[in-house]
file run-v6.txt (compact mmCIF, C-alpha atoms)
# COMPACT_ATOMS: atom_id res chain seq x y z
CA MET A 31 25.97 -27.02 -42.44
CA GLY A 32 23.48 -26.75 -45.30
CA GLU A 33 21.36 -23.77 -46.22
CA ALA A 34 18.19 -25.63 -45.22
CA GLN A 35 19.56 -26.18 -41.69
CA LEU A 36 20.57 -22.52 -41.39
CA GLU A 37 17.13 -21.39 -42.48
CA ASP A 38 15.55 -23.79 -39.99
CA MET A 39 17.72 -22.41 -37.15
CA ASP A 40 16.89 -18.82 -38.13
CA GLU A 41 13.20 -19.67 -38.14
CA LYS A 42 13.44 -21.24 -34.65
CA ASP A 43 15.36 -18.23 -33.35
CA GLY A 44 12.68 -15.96 -34.77
CA VAL A 45 9.95 -17.97 -33.06
CA CYS A 46 11.82 -17.86 -29.73
CA ARG A 47 12.37 -14.12 -29.98
CA SER A 48 8.72 -13.58 -30.85
CA LEU A 49 7.61 -15.76 -27.93
CA LEU A 50 9.91 -13.91 -25.55
CA ARG A 51 8.61 -10.58 -26.81
CA ASN A 52 5.01 -11.69 -26.20
CA ILE A 53 5.87 -12.87 -22.70
CA MET A 54 7.54 -9.56 -21.90
CA LEU A 55 4.35 -7.77 -22.92
CA LEU A 56 2.66 -9.43 -19.92
CA THR A 57 5.18 -8.04 -17.43
CA GLY A 58 5.74 -4.57 -16.00
CA ASP A 59 3.04 -1.91 -16.29
CA MET A 60 1.50 -3.33 -19.50
CA GLU A 61 1.15 0.19 -20.87
CA HIS A 62 0.38 -1.16 -24.35
CA LEU A 63 -2.96 -2.38 -22.99
CA ASP A 64 -4.13 1.19 -22.39
CA SER A 65 -4.16 1.96 -26.11
CA HIS A 66 -6.65 -0.88 -26.71
CA LEU A 67 -8.91 -0.09 -23.75
CA GLN A 68 -10.56 2.88 -25.46
CA ASP A 69 -12.42 0.55 -27.83
CA TRP A 70 -13.56 -1.79 -25.06
CA PRO A 71 -16.96 -1.62 -23.32
CA VAL A 72 -16.95 0.45 -20.13
CA ALA A 73 -17.61 -2.65 -18.00
CA LEU A 74 -14.42 -4.32 -19.28
CA GLN A 75 -12.45 -1.12 -18.78
CA LEU A 76 -13.68 -1.04 -15.18
CA VAL A 77 -12.44 -4.60 -14.68
CA VAL A 78 -8.94 -3.66 -15.86
CA TRP A 79 -8.94 -0.52 -13.70
CA GLY A 80 -9.99 -2.63 -10.73
CA LEU A 81 -7.30 -5.25 -11.34
CA ARG A 82 -4.68 -2.51 -11.51
CA GLY A 83 -6.04 -1.21 -8.22
CA VAL A 84 -5.64 -4.66 -6.66
CA THR A 85 -1.94 -4.75 -7.59
CA ARG A 86 -1.34 -1.25 -6.25
CA VAL A 87 -1.54 -2.82 -2.78
CA ILE A 88 1.76 -4.60 -3.53
CA LEU A 89 3.17 -1.47 -5.21
CA ALA A 90 2.68 -2.98 -8.67
CA ASN A 91 0.59 -1.98 -11.70
CA ASN A 92 -0.26 -5.05 -13.77
CA PRO A 93 -3.82 -6.34 -14.37
CA LEU A 94 -2.64 -9.94 -14.78
CA SER A 95 -0.95 -9.72 -11.39
CA GLY A 96 -4.26 -8.45 -10.05
CA ALA A 97 -6.05 -11.51 -11.43
CA LEU A 98 -3.50 -13.78 -9.73
CA ILE A 99 -3.99 -11.98 -6.42
CA LEU A 100 -7.77 -12.29 -6.61
CA SER A 101 -7.41 -16.02 -7.28
CA ALA A 102 -5.18 -16.31 -4.20
CA LEU A 103 -7.70 -14.41 -2.08
CA TYR A 104 -10.54 -16.59 -3.37
CA TRP A 105 -8.51 -19.67 -2.40
CA THR A 106 -7.99 -18.23 1.08
CA SER A 107 -11.55 -17.01 1.67
CA PRO A 108 -14.27 -16.40 -0.95
CA TRP A 109 -15.98 -14.03 1.47
CA GLN A 110 -12.92 -11.84 1.93
CA CYS A 111 -12.27 -11.95 -1.82
CA LEU A 112 -15.82 -10.68 -2.36
CA LEU A 113 -15.29 -7.85 0.13
CA GLY A 114 -11.99 -6.85 -1.49
CA THR A 115 -13.50 -6.90 -4.97
CA LEU A 116 -16.47 -4.83 -3.80
CA GLY A 117 -14.11 -2.35 -2.17
CA VAL A 118 -11.92 -1.78 -5.22
CA LEU A 119 -14.94 -1.38 -7.50
CA THR A 120 -16.75 0.97 -5.10
CA SER A 121 -13.77 3.28 -4.66
CA THR A 122 -12.98 3.27 -8.39
CA LEU A 123 -16.57 4.14 -9.30
CA THR A 124 -16.68 6.83 -6.60
CA ALA A 125 -13.56 8.45 -8.05
CA ALA A 126 -15.13 8.40 -11.52
CA LEU A 127 -18.43 9.84 -10.29
CA ILE A 128 -16.84 12.82 -8.53
CA GLY A 129 -14.71 13.56 -11.58
CA LEU A 130 -11.17 12.82 -10.39
CA ASP A 131 -8.27 12.51 -12.83
CA SER A 132 -9.05 9.84 -15.44
CA ALA A 133 -5.42 8.71 -15.73
CA GLU A 134 -5.29 8.05 -11.99
CA ILE A 135 -8.58 6.16 -12.12
CA SER A 136 -7.50 3.95 -15.03
CA GLY A 137 -4.18 3.35 -13.28
CA GLY A 138 -5.93 1.96 -10.20
CA LEU A 139 -4.71 4.72 -7.90
CA HIS A 140 -8.16 5.22 -6.36
CA GLY A 141 -8.92 1.52 -5.95
CA PHE A 142 -6.30 -0.04 -3.70
CA ASN A 143 -7.16 1.81 -0.49
CA GLY A 144 -10.81 0.88 -0.91
CA MET A 145 -9.88 -2.73 -1.44
CA LEU A 146 -7.68 -2.87 1.63
CA VAL A 147 -10.19 -1.25 3.97
CA SER A 148 -13.06 -3.54 2.93
CA LEU A 149 -10.81 -6.61 3.01
CA LEU A 150 -9.53 -5.85 6.51
CA MET A 151 -13.03 -5.09 7.77
CA GLY A 152 -13.86 -8.70 6.92
CA VAL A 153 -10.66 -10.00 8.52
CA PHE A 154 -11.20 -8.15 11.80
CA SER A 155 -14.95 -8.81 11.96
CA SER A 156 -15.94 -11.30 14.65
CA ALA A 157 -19.38 -11.85 13.09
CA GLY A 158 -18.03 -14.59 10.84
CA ASP A 159 -18.12 -15.10 7.07
CA TRP A 160 -21.09 -14.13 4.90
CA TYR A 161 -22.33 -11.55 7.35
CA TRP A 162 -24.14 -9.54 4.69
CA TRP A 163 -24.70 -6.44 6.83
CA LEU A 164 -20.94 -5.84 6.63
CA LEU A 165 -21.30 -4.92 2.94
CA LEU A 166 -22.85 -1.57 3.86
CA PRO A 167 -19.97 -0.18 5.98
CA ALA A 168 -17.49 -1.76 3.57
CA CYS A 169 -18.91 0.27 0.66
CA LEU A 170 -19.08 3.45 2.74
CA ALA A 171 -15.53 3.04 4.01
CA SER A 172 -14.22 2.33 0.50
CA ALA A 173 -15.87 5.48 -0.84
CA THR A 174 -14.51 7.48 2.09
CA CYS A 175 -10.97 6.40 1.18
CA VAL A 176 -11.34 8.22 -2.15
CA PHE A 177 -12.05 11.56 -0.44
CA VAL A 178 -9.28 11.07 2.11
CA ASN A 179 -6.84 10.09 -0.64
CA SER A 180 -7.75 13.11 -2.75
CA GLY A 181 -7.28 15.51 0.15
CA LEU A 182 -4.01 13.97 1.33
CA SER A 183 -2.60 13.85 -2.20
CA THR A 184 -3.10 17.59 -2.56
CA VAL A 185 -1.21 18.25 0.67
CA LEU A 186 1.59 15.70 0.21
CA ALA A 187 2.20 16.70 -3.41
CA GLN A 188 3.92 19.82 -2.08
CA TRP A 189 6.78 17.58 -0.93
CA ASN A 190 6.52 15.19 -3.89
CA LEU A 191 5.13 12.45 -1.64
CA PRO A 192 2.46 9.86 -2.45
CA ALA A 193 -0.64 9.42 -0.30
CA SER A 194 0.18 5.69 -0.34
CA VAL A 195 -2.03 3.71 2.09
CA PHE A 196 -2.52 6.54 4.57
CA PRO A 197 -6.25 6.65 3.65
CA PHE A 198 -6.68 2.94 4.38
CA ASN A 199 -4.89 3.15 7.72
CA ILE A 200 -6.90 6.21 8.76
CA VAL A 201 -10.31 4.88 7.72
CA ILE A 202 -9.88 1.36 9.14
CA ILE A 203 -8.76 2.72 12.54
CA LEU A 204 -11.69 5.15 12.62
CA TYR A 205 -14.10 2.34 11.76
CA LEU A 206 -12.75 0.04 14.47
CA LEU A 207 -12.84 2.88 17.02
CA CYS A 208 -16.44 3.69 16.11
CA THR A 209 -17.71 0.14 16.38
CA GLY A 210 -15.72 -1.53 19.13
CA HIS A 211 -15.21 -5.23 19.71
CA GLN A 212 -18.62 -5.62 21.40
CA HIS A 213 -20.73 -3.70 18.88
CA PRO A 214 -24.17 -5.36 18.42
CA TYR A 215 -24.09 -5.13 14.62
CA PHE A 216 -20.45 -4.80 13.55
CA PRO A 217 -18.27 -6.41 16.25
CA HIS A 218 -14.58 -6.98 15.65
CA HIS A 219 -11.84 -9.02 17.27
CA TYR A 220 -10.01 -7.51 20.22
CA VAL A 221 -6.30 -7.15 19.44
CA PRO A 222 -4.16 -7.23 22.61
CA PRO A 223 -0.81 -5.39 22.83
CA ALA A 224 2.37 -7.32 22.16
CA TRP A 225 3.50 -7.09 25.78
CA MET A 226 0.39 -8.99 26.89
CA LEU A 227 1.28 -11.92 24.69
CA GLU A 228 3.29 -14.93 25.76
CA LEU A 229 6.96 -14.23 25.21
CA ASN A 230 9.04 -16.49 23.03
CA ALA A 231 10.53 -18.43 25.92
CA THR A 232 10.43 -21.80 24.17
CA ALA A 233 12.52 -23.00 21.24
CA VAL A 234 11.52 -21.64 17.86
CA GLU A 235 11.02 -24.06 14.98
CA GLY A 236 13.42 -23.05 12.22
CA VAL A 237 11.34 -24.53 9.40
CA GLN A 238 8.22 -22.68 10.50
CA VAL A 239 10.18 -19.44 10.74
CA MET A 240 11.49 -19.91 7.19
CA LEU A 241 7.97 -20.60 5.92
CA GLY A 242 6.87 -17.40 7.62
CA ILE A 243 9.03 -15.36 5.22
CA PRO A 244 6.86 -15.94 2.10
CA LEU A 245 3.81 -15.69 4.37
CA GLY A 246 4.96 -12.17 5.18
CA VAL A 247 4.30 -11.26 1.54
CA GLY A 248 0.86 -12.86 1.73
CA GLN A 249 0.04 -10.96 4.92
CA ILE A 250 0.02 -7.75 2.88
CA PHE A 251 -3.44 -9.03 1.90
CA ALA A 252 -4.08 -10.57 5.35
CA CYS A 253 -3.38 -14.02 3.87
CA ASP A 254 -1.83 -16.55 6.25
CA ALA A 255 -1.83 -19.65 3.99
CA LEU A 256 1.32 -20.74 2.15
CA GLY A 257 -0.23 -21.62 -1.22
CA PRO A 258 -2.07 -18.32 -1.73
CA SER A 259 0.96 -16.41 -0.41
CA LEU A 260 3.15 -18.01 -3.08
CA ILE A 261 0.61 -16.98 -5.74
CA ILE A 262 0.77 -13.40 -4.44
CA LEU A 263 4.56 -13.58 -4.60
CA ALA A 264 4.28 -14.87 -8.17
CA ALA A 265 2.08 -11.85 -8.96
CA VAL A 266 4.85 -9.55 -7.72
CA LEU A 267 7.39 -11.54 -9.75
CA LEU A 268 5.30 -11.16 -12.90
CA TYR A 269 5.36 -7.41 -12.47
CA SER A 270 9.01 -7.10 -11.45
CA PRO A 271 11.60 -9.70 -10.38
CA LEU A 272 13.52 -6.95 -8.55
CA LEU A 273 10.43 -6.00 -6.57
CA ALA A 274 9.77 -9.66 -5.72
CA ALA A 275 13.32 -10.08 -4.44
CA HIS A 276 12.93 -7.06 -2.17
CA ALA A 277 9.55 -8.35 -0.98
CA LEU A 278 11.15 -11.57 0.27
CA LEU A 279 14.20 -9.76 1.62
CA GLY A 280 12.07 -7.29 3.55
CA SER A 281 9.97 -10.06 5.02
CA ALA A 282 13.13 -11.87 6.12
CA MET A 283 14.45 -8.70 7.78
CA GLY A 284 11.13 -8.24 9.55
CA THR A 285 11.30 -11.82 10.80
CA LEU A 286 14.81 -11.20 12.15
CA ALA A 287 13.54 -8.10 13.92
CA GLY A 288 10.76 -10.14 15.48
CA LEU A 289 13.25 -12.77 16.64
CA SER A 290 15.47 -10.09 18.19
CA LEU A 291 12.56 -8.82 20.31
CA ALA A 292 11.27 -12.30 21.18
CA VAL A 293 7.79 -11.88 19.76
CA ARG A 294 5.55 -14.85 20.19
CA PRO A 295 6.12 -17.70 17.69
CA HIS A 296 2.72 -17.19 16.04
CA PHE A 297 3.83 -13.78 14.78
CA LEU A 298 6.88 -15.37 13.19
CA TYR A 299 5.13 -18.42 11.75
CA SER A 300 2.17 -16.52 10.27
CA GLY A 301 4.22 -13.79 8.58
CA LEU A 302 2.85 -10.98 10.76
CA SER A 303 6.40 -10.01 11.71
CA GLY A 304 7.45 -9.67 8.10
CA PHE A 305 4.79 -7.89 6.07
CA ASN A 306 5.62 -4.32 7.14
CA GLY A 307 9.29 -4.97 6.44
CA SER A 308 8.33 -6.38 3.04
CA LEU A 309 6.33 -3.27 2.11
CA GLY A 310 9.04 -0.90 3.30
CA CYS A 311 11.78 -2.76 1.47
CA MET A 312 9.79 -2.83 -1.78
CA ALA A 313 9.01 0.88 -1.63
CA VAL A 314 12.64 1.91 -1.28
CA GLY A 315 14.41 -0.90 -3.12
CA GLY A 316 13.81 0.16 -6.70
CA LEU A 317 10.33 1.67 -6.75
CA PHE A 318 10.73 5.22 -5.39
CA PHE A 319 14.53 5.07 -5.66
CA THR A 320 16.55 3.80 -8.59
CA PHE A 321 18.32 0.59 -7.66
CA SER A 322 21.96 0.77 -6.53
CA TRP A 323 24.01 -0.70 -3.71
CA ARG A 324 23.28 2.42 -1.64
CA THR A 325 19.52 2.29 -2.10
CA HIS A 326 19.64 -1.48 -1.57
CA LEU A 327 21.20 -0.95 1.87
CA LEU A 328 18.64 1.79 2.51
CA ALA A 329 15.88 -0.68 1.63
CA VAL A 330 17.26 -3.18 4.16
CA ALA A 331 17.38 -0.46 6.82
CA THR A 332 13.81 0.53 5.95
CA ALA A 333 12.68 -3.08 6.39
CA PHE A 334 14.22 -3.26 9.87
CA LEU A 335 12.83 0.12 10.92
CA SER A 336 9.37 -0.78 9.62
CA ALA A 337 9.37 -4.04 11.57
CA TYR A 338 10.52 -2.45 14.82
CA MET A 339 8.04 0.41 14.45
CA ASP A 340 5.28 -2.14 13.82
CA ILE A 341 6.06 -3.85 17.13
CA ALA A 342 6.08 -0.50 18.94
CA LEU A 343 2.79 0.60 17.40
CA SER A 344 1.25 -2.81 18.16
CA ASN A 345 2.03 -2.24 21.84
CA LEU A 346 0.58 1.26 21.72
CA LEU A 347 -2.61 0.59 19.76
CA GLY A 348 -3.11 -2.77 21.47
CA LYS A 349 -3.90 -0.93 24.69
CA VAL A 350 -7.26 -0.02 23.14
CA GLY A 351 -7.63 -3.30 21.26
CA LEU A 352 -6.63 -1.99 17.81
CA PRO A 353 -4.25 -3.44 15.21
CA ALA A 354 -1.22 -1.52 13.94
CA CYS A 355 -2.16 -2.35 10.30
CA SER A 356 0.50 -1.00 7.91
CA TRP A 357 1.17 2.28 9.70
CA ALA A 358 4.77 1.29 10.32
CA SER A 359 5.82 0.71 6.71
CA THR A 360 3.83 3.73 5.48
CA LEU A 361 5.41 6.14 7.96
CA THR A 362 8.91 4.73 7.56
CA SER A 363 8.80 4.78 3.76
CA THR A 364 7.49 8.36 3.79
CA LEU A 365 10.37 9.44 6.03
CA MET A 366 12.84 7.76 3.68
CA LEU A 367 11.39 9.66 0.74
CA LEU A 368 12.19 12.92 2.57
CA LEU A 369 15.88 12.08 2.88
CA GLY A 370 18.35 14.65 1.62
CA GLY A 371 22.02 14.38 0.77
CA SER A 372 23.47 12.11 -1.89
CA LEU A 373 20.63 9.60 -1.57
CA SER A 374 18.18 12.19 -2.82
CA THR A 375 19.82 11.97 -6.27
CA TYR A 376 18.40 8.45 -6.57
CA ARG A 377 14.88 9.63 -5.72
CA ILE A 378 12.36 9.19 -8.54
CA PRO A 379 9.66 11.86 -8.94
CA THR A 380 6.40 10.47 -7.61
CA ASP A 381 4.53 10.78 -10.90
CA GLU A 382 7.40 9.12 -12.81
CA VAL A 383 7.44 5.85 -10.83
CA ARG A 384 7.19 2.71 -12.93
CA ALA A 385 8.44 -0.87 -12.68
CA PRO A 386 11.87 -0.97 -10.93
CA GLU A 387 13.60 -2.32 -14.04
CA VAL A 388 12.27 0.60 -16.07
CA ASN A 389 13.29 3.00 -13.31
CA LEU A 390 16.80 1.59 -13.46
CA HIS A 391 16.90 1.90 -17.24
CA CYS A 392 15.81 5.53 -17.07
CA GLN A 393 18.13 6.43 -14.18
CA ALA A 394 20.26 8.84 -16.18
CA GLN A 395 17.20 10.71 -17.45
CA TRP A 396 15.69 11.08 -13.97
CA ARG A 397 18.96 12.32 -12.50
CA GLY A 398 19.13 14.94 -15.21
CA GLY A 399 15.52 15.91 -14.59
CA LYS A 400 14.67 15.31 -18.22
CA ALA A 401 12.21 12.48 -17.85
CA SER A 402 8.88 13.10 -19.52
CA ARG A 403 5.71 12.75 -17.47
CA ARG A 404 4.01 9.41 -17.76
CA GLY A 405 0.57 8.32 -16.70
CA SER A 406 1.75 5.11 -15.15
CA SER A 407 2.01 6.84 -11.93
CA HIS A 408 2.72 6.99 -8.27
CA VAL A 409 1.57 4.48 -5.75
call {"tool": "encode", "arguments": {"input": "run-v6.txt", "output": "structure tokens"}}
result
Amino acid sequence: MGEAQLEDMDEKDGVCRSLLRNIMLLTGDMEHLDSHLQDWPVALQLVVWGLRGVTRVILANNPLSGALILSALYWTSPWQCLLGTLGVLTSTLTAALIGLDSAEISGGLHGFNGMLVSLLMGVFSSAGDWYWWLLLPACLASATCVFVNSGLSTVLAQWNLPASVFPFNIVIILYLLCTGHQHPYFPHHYVPPAWMLELNATAVEGVQVMLGIPLGVGQIFACDALGPSLIILAAVLLYSPLLAAHALLGSAMGTLAGLSLAVRPHFLYSGLSGFNGSLGCMAVGGLFFTFSWRTHLLAVATAFLSAYMDIALSNLLGKVGLPACSWASTLTSTLMLLLGGSLSTYRIPTDEVRAPEVNLHCQAQWRGGKASRRGSSHV
């Protein structure tokens, strides 16, 4: 082989390595972007903070993933996408105005609860799309999430626990209790308990059940369409392949749990049986615990427990016409984070949590308690 051919091969290898390096810069937490943000206009910085807040809903921290999720929500419903965008911006600006930690604000930690509460207010509203009066309570509820999150974080930090989506679950339930399904200005859909629904006495369609597994990932954002759900899954994959695998696995476990309790087929086909299992599995399977066969089995158990608890809470809250939201996965994941014994050695300090692959790489440092504090944050 001649020297010219060798030089040509070396040049191609260099191009491939450079391309791969550039692609890798778009994955994970994209921490390198933070060093460039300081020179950007404040409006553009706010956009990046908001996009990070969007991805915090799926336990990620990548602005490109946030852009993918917003495109999926716009595909599903422009009105709900508008509400979610308004919510994340309102809560982020509220956090900045009251002087909360700038690293948490730029990391999107004060945006995701606001986005979820405003998004779900639109989903549960029975007034239909483009009901402009809903913007007022959506903004107020999003701002309220910031205060609830700040207070809960102070309390839970004593046990090294994240506030997670407790603020969203609290505020959305309070809003629905205050308004009621027959409110003259802000009515919402009545949600019956699971035991009032038609039991799964007929044959279940296997293909529809399988399609419900990726829909379980989409239901984290109240999305019940396959195309947008696949985009949301791609957003998780862009951040972390390991997290995406656990998202699908958790949704599958939740679907199995729904089948075992004979929930109605709609719950299986739409992904409602899987989304709490997906969240629980992601939280434990590499995010708050370093990945190993033990934590993997714990993640599977968390997915099952989250799904069963969701069914139980649906029966309980359904008696007053309220949804169970994501209480199940939030409570189950929090309990798992309090585990002692040998599993506690895999626990990652809340303020050290990053992409699962980075967590795995830094496993030895975390076990030795020598990891340096990073601003990329808890969820």
call {"tool": "atom_distance", "arguments": {"input": "run-v6.txt", "atom1": "CA of Gly158 in chain A", "atom2": "CA of Pro258 in chain A"}}
result
20.7 Å
call {"tool": "closest_residue", "arguments": {"input": "run-v6.txt", "among": "A:His276, A:His218, A:Arg294, A:Arg384", "to": "Thr57 in chain A", "atoms": "all atoms listed in the file"}}
result
A:Arg384
call {"tool": "residues_near_point", "arguments": {"input": "run-v6.txt", "point": "(-16.8, -5.9, 9.4)", "cutoff": "7 Å", "atoms": "only C-alpha atoms", "output": "compact mmCIF listing (two decimals) with C-alpha atoms, in the coordinates of the input"}}
result
# COMPACT_ATOMS: atom_id res chain seq x y z
CA MET A 151 -13.03 -5.09 7.77
CA GLY A 152 -13.86 -8.70 6.92
CA PHE A 154 -11.20 -8.15 11.80
CA SER A 155 -14.95 -8.81 11.96
CA LEU A 164 -20.94 -5.84 6.63
CA PHE A 216 -20.45 -4.80 13.55
CA HIS A 218 -14.58 -6.98 15.65
call {"tool": "closest_residue", "arguments": {"input": "run-v6.txt", "among": "A:Phe319, A:Phe297, A:Phe251, A:Tyr161", "to": "Leu100 in chain A", "atoms": "all atoms listed in the file"}}
result
A:Phe251
call {"tool": "residues_near_point", "arguments": {"input": "run-v6.txt", "point": "(-11.2, -1.6, -12.6)", "cutoff": "10 Å", "atoms": "all atoms listed in the file", "output": "short mmCIF file (atom, residue, chain, number, x, y, z; two decimals) with C-alpha atoms, in the coordinates of the input"}}
result
data_model
loop_
_atom_site.label_atom_id
_atom_site.label_comp_id
_atom_site.auth_asym_id
_atom_site.auth_seq_id
_atom_site.Cartn_x
_atom_site.Cartn_y
_atom_site.Cartn_z
CA VAL A 72 -16.95 0.45 -20.13
CA ALA A 73 -17.61 -2.65 -18.00
CA LEU A 74 -14.42 -4.32 -19.28
CA GLN A 75 -12.45 -1.12 -18.78
CA LEU A 76 -13.68 -1.04 -15.18
CA VAL A 77 -12.44 -4.60 -14.68
CA VAL A 78 -8.94 -3.66 -15.86
CA TRP A 79 -8.94 -0.52 -13.70
CA GLY A 80 -9.99 -2.63 -10.73
CA LEU A 81 -7.30 -5.25 -11.34
CA ARG A 82 -4.68 -2.51 -11.51
CA GLY A 83 -6.04 -1.21 -8.22
CA VAL A 84 -5.64 -4.66 -6.66
CA PRO A 93 -3.82 -6.34 -14.37
CA THR A 115 -13.50 -6.90 -4.97
CA VAL A 118 -11.92 -1.78 -5.22
CA LEU A 119 -14.94 -1.38 -7.50
CA THR A 120 -16.75 0.97 -5.10
CA SER A 121 -13.77 3.28 -4.66
CA THR A 122 -12.98 3.27 -8.39
CA LEU A 123 -16.57 4.14 -9.30
CA ILE A 135 -8.58 6.16 -12.12
CA SER A 136 -7.50 3.95 -15.03
CA GLY A 137 -4.18 3.35 -13.28
CA GLY A 138 -5.93 1.96 -10.20
CA HIS A 140 -8.16 5.22 -6.36
CA GLY A 141 -8.92 1.52 -5.95
#
call {"tool": "closest_residue", "arguments": {"input": "run-v6.txt", "among": "A:Tyr220, A:Tyr205, A:Phe334, A:Phe177", "to": "Gly304 in chain A", "atoms": "only C-alpha atoms"}}
result
A:Phe334
call {"tool": "closest_atom_pairs", "arguments": {"input": "run-v6.txt", "of": "range 94-168 of chain A", "to": "range 265-275 of chain A", "cutoff": "9 Å", "atoms": "all atoms listed in the file", "output": "tab-separated table"}}
result
residue	atom	partner	partner_atom	distance
A:Leu94	CA	A:Ala265	CA	7.7
A:Ser95	CA	A:Ala265	CA	4.4
A:Gly96	CA	A:Ala265	CA	7.3
A:Ala97	CA	A:Ala265	CA	8.5
A:Leu98	CA	A:Ala265	CA	6.0
A:Ile99	CA	A:Ala265	CA	6.6
call {"tool": "atom_distance", "arguments": {"input": "run-v6.txt", "atom1": "CA of Leu245 in chain A", "atom2": "CA of Cys355 in chain A"}}
result
15.8 Å
call {"tool": "closest_residue", "arguments": {"input": "run-v6.txt", "among": "A:Gly117, A:Ser180, A:Ala193, A:Ala126", "to": "Pro167 in chain A", "atoms": "all atoms listed in the file"}}
result
A:Gly117
call {"tool": "closest_residue", "arguments": {"input": "run-v6.txt", "among": "A:Leu67, A:Gln238, A:Leu113, A:Gly288", "to": "Ala168 in chain A", "atoms": "all atoms listed in the file"}}
result
A:Leu113
call {"tool": "residues_around", "arguments": {"input": "run-v6.txt", "residues": "range 340-349 of chain A", "least_positions_apart": "4", "cutoff": "10 Å", "atoms": "only C-alpha atoms", "output": "VMD selection string"}}
result
chain A and resid 203 220 to 226 284 287 to 288 291 293 302 to 307 334 to 336 353 to 359 362
call {"tool": "residues_around", "arguments": {"input": "run-v6.txt", "residues": "Ala333 in chain A", "least_positions_apart": "4", "cutoff": "7 Å", "atoms": "only C-alpha atoms", "output": "list in words"}}
result
Gly280, Met283, Gly284, Gly307, Ser308, Gly310, Cys311, Ala329 and Ala337 of chain A
call {"tool": "closest_residue", "arguments": {"input": "run-v6.txt", "among": "A:Leu166, A:Val234, A:Ala313, A:Leu352", "to": "Pro386 in chain A", "atoms": "all atoms listed in the file"}}
result
A:Ala313
call {"tool": "atom_distance", "arguments": {"input": "run-v6.txt", "atom1": "CA of Val388 in chain A", "atom2": "CA of Thr360 in chain A"}}
result
23.4 Å
call {"tool": "build_atoms", "arguments": {"input": "run-v6.txt", "residues": "range 281-292 of chain A", "atoms": "N, CA, C and O atoms", "output": "tab-separated table (two decimals), keeping the file's coordinate frame"}}
result
chain	number	residue	atom	x	y	z
A	281	SER	N	10.65	-9.17	4.09
A	281	SER	CA	9.97	-10.06	5.02
A	281	SER	C	10.96	-10.80	5.91
A	281	SER	O	10.72	-11.00	7.11
A	282	ALA	N	12.09	-11.19	5.33
A	282	ALA	CA	13.13	-11.87	6.12
A	282	ALA	C	13.71	-10.94	7.18
A	282	ALA	O	13.94	-11.35	8.33
A	283	MET	N	13.93	-9.67	6.81
A	283	MET	CA	14.45	-8.70	7.78
A	283	MET	C	13.44	-8.46	8.90
A	283	MET	O	13.80	-8.33	10.07
A	284	GLY	N	12.16	-8.41	8.54
A	284	GLY	CA	11.13	-8.24	9.55
A	284	GLY	C	11.07	-9.43	10.51
A	284	GLY	O	10.84	-9.26	11.71
A	285	THR	N	11.28	-10.62	9.96
A	285	THR	CA	11.30	-11.82	10.80
A	285	THR	C	12.47	-11.78	11.76
A	285	THR	O	12.35	-12.14	12.94
A	286	LEU	N	13.64	-11.33	11.27
A	286	LEU	CA	14.81	-11.20	12.15
A	286	LEU	C	14.54	-10.19	13.26
A	286	LEU	O	14.94	-10.38	14.41
A	287	ALA	N	13.88	-9.10	12.90
A	287	ALA	CA	13.54	-8.10	13.92
A	287	ALA	C	12.61	-8.69	14.97
A	287	ALA	O	12.77	-8.43	16.17
A	288	GLY	N	11.65	-9.49	14.53
A	288	GLY	CA	10.76	-10.14	15.48
A	288	GLY	C	11.49	-11.11	16.39
A	288	GLY	O	11.22	-11.18	17.59
A	289	LEU	N	12.44	-11.85	15.83
A	289	LEU	CA	13.25	-12.77	16.64
A	289	LEU	C	14.07	-12.01	17.67
A	289	LEU	O	14.22	-12.45	18.81
A	290	SER	N	14.61	-10.86	17.28
A	290	SER	CA	15.47	-10.09	18.19
A	290	SER	C	14.69	-9.54	19.37
A	290	SER	O	15.27	-9.28	20.43
A	291	LEU	N	13.39	-9.34	19.21
A	291	LEU	CA	12.56	-8.82	20.31
A	291	LEU	C	11.69	-9.91	20.94
A	291	LEU	O	10.80	-9.60	21.73
A	292	ALA	N	11.95	-11.16	20.56
A	292	ALA	CA	11.27	-12.30	21.18
A	292	ALA	C	9.75	-12.19	21.10
A	292	ALA	O	9.05	-12.37	22.09
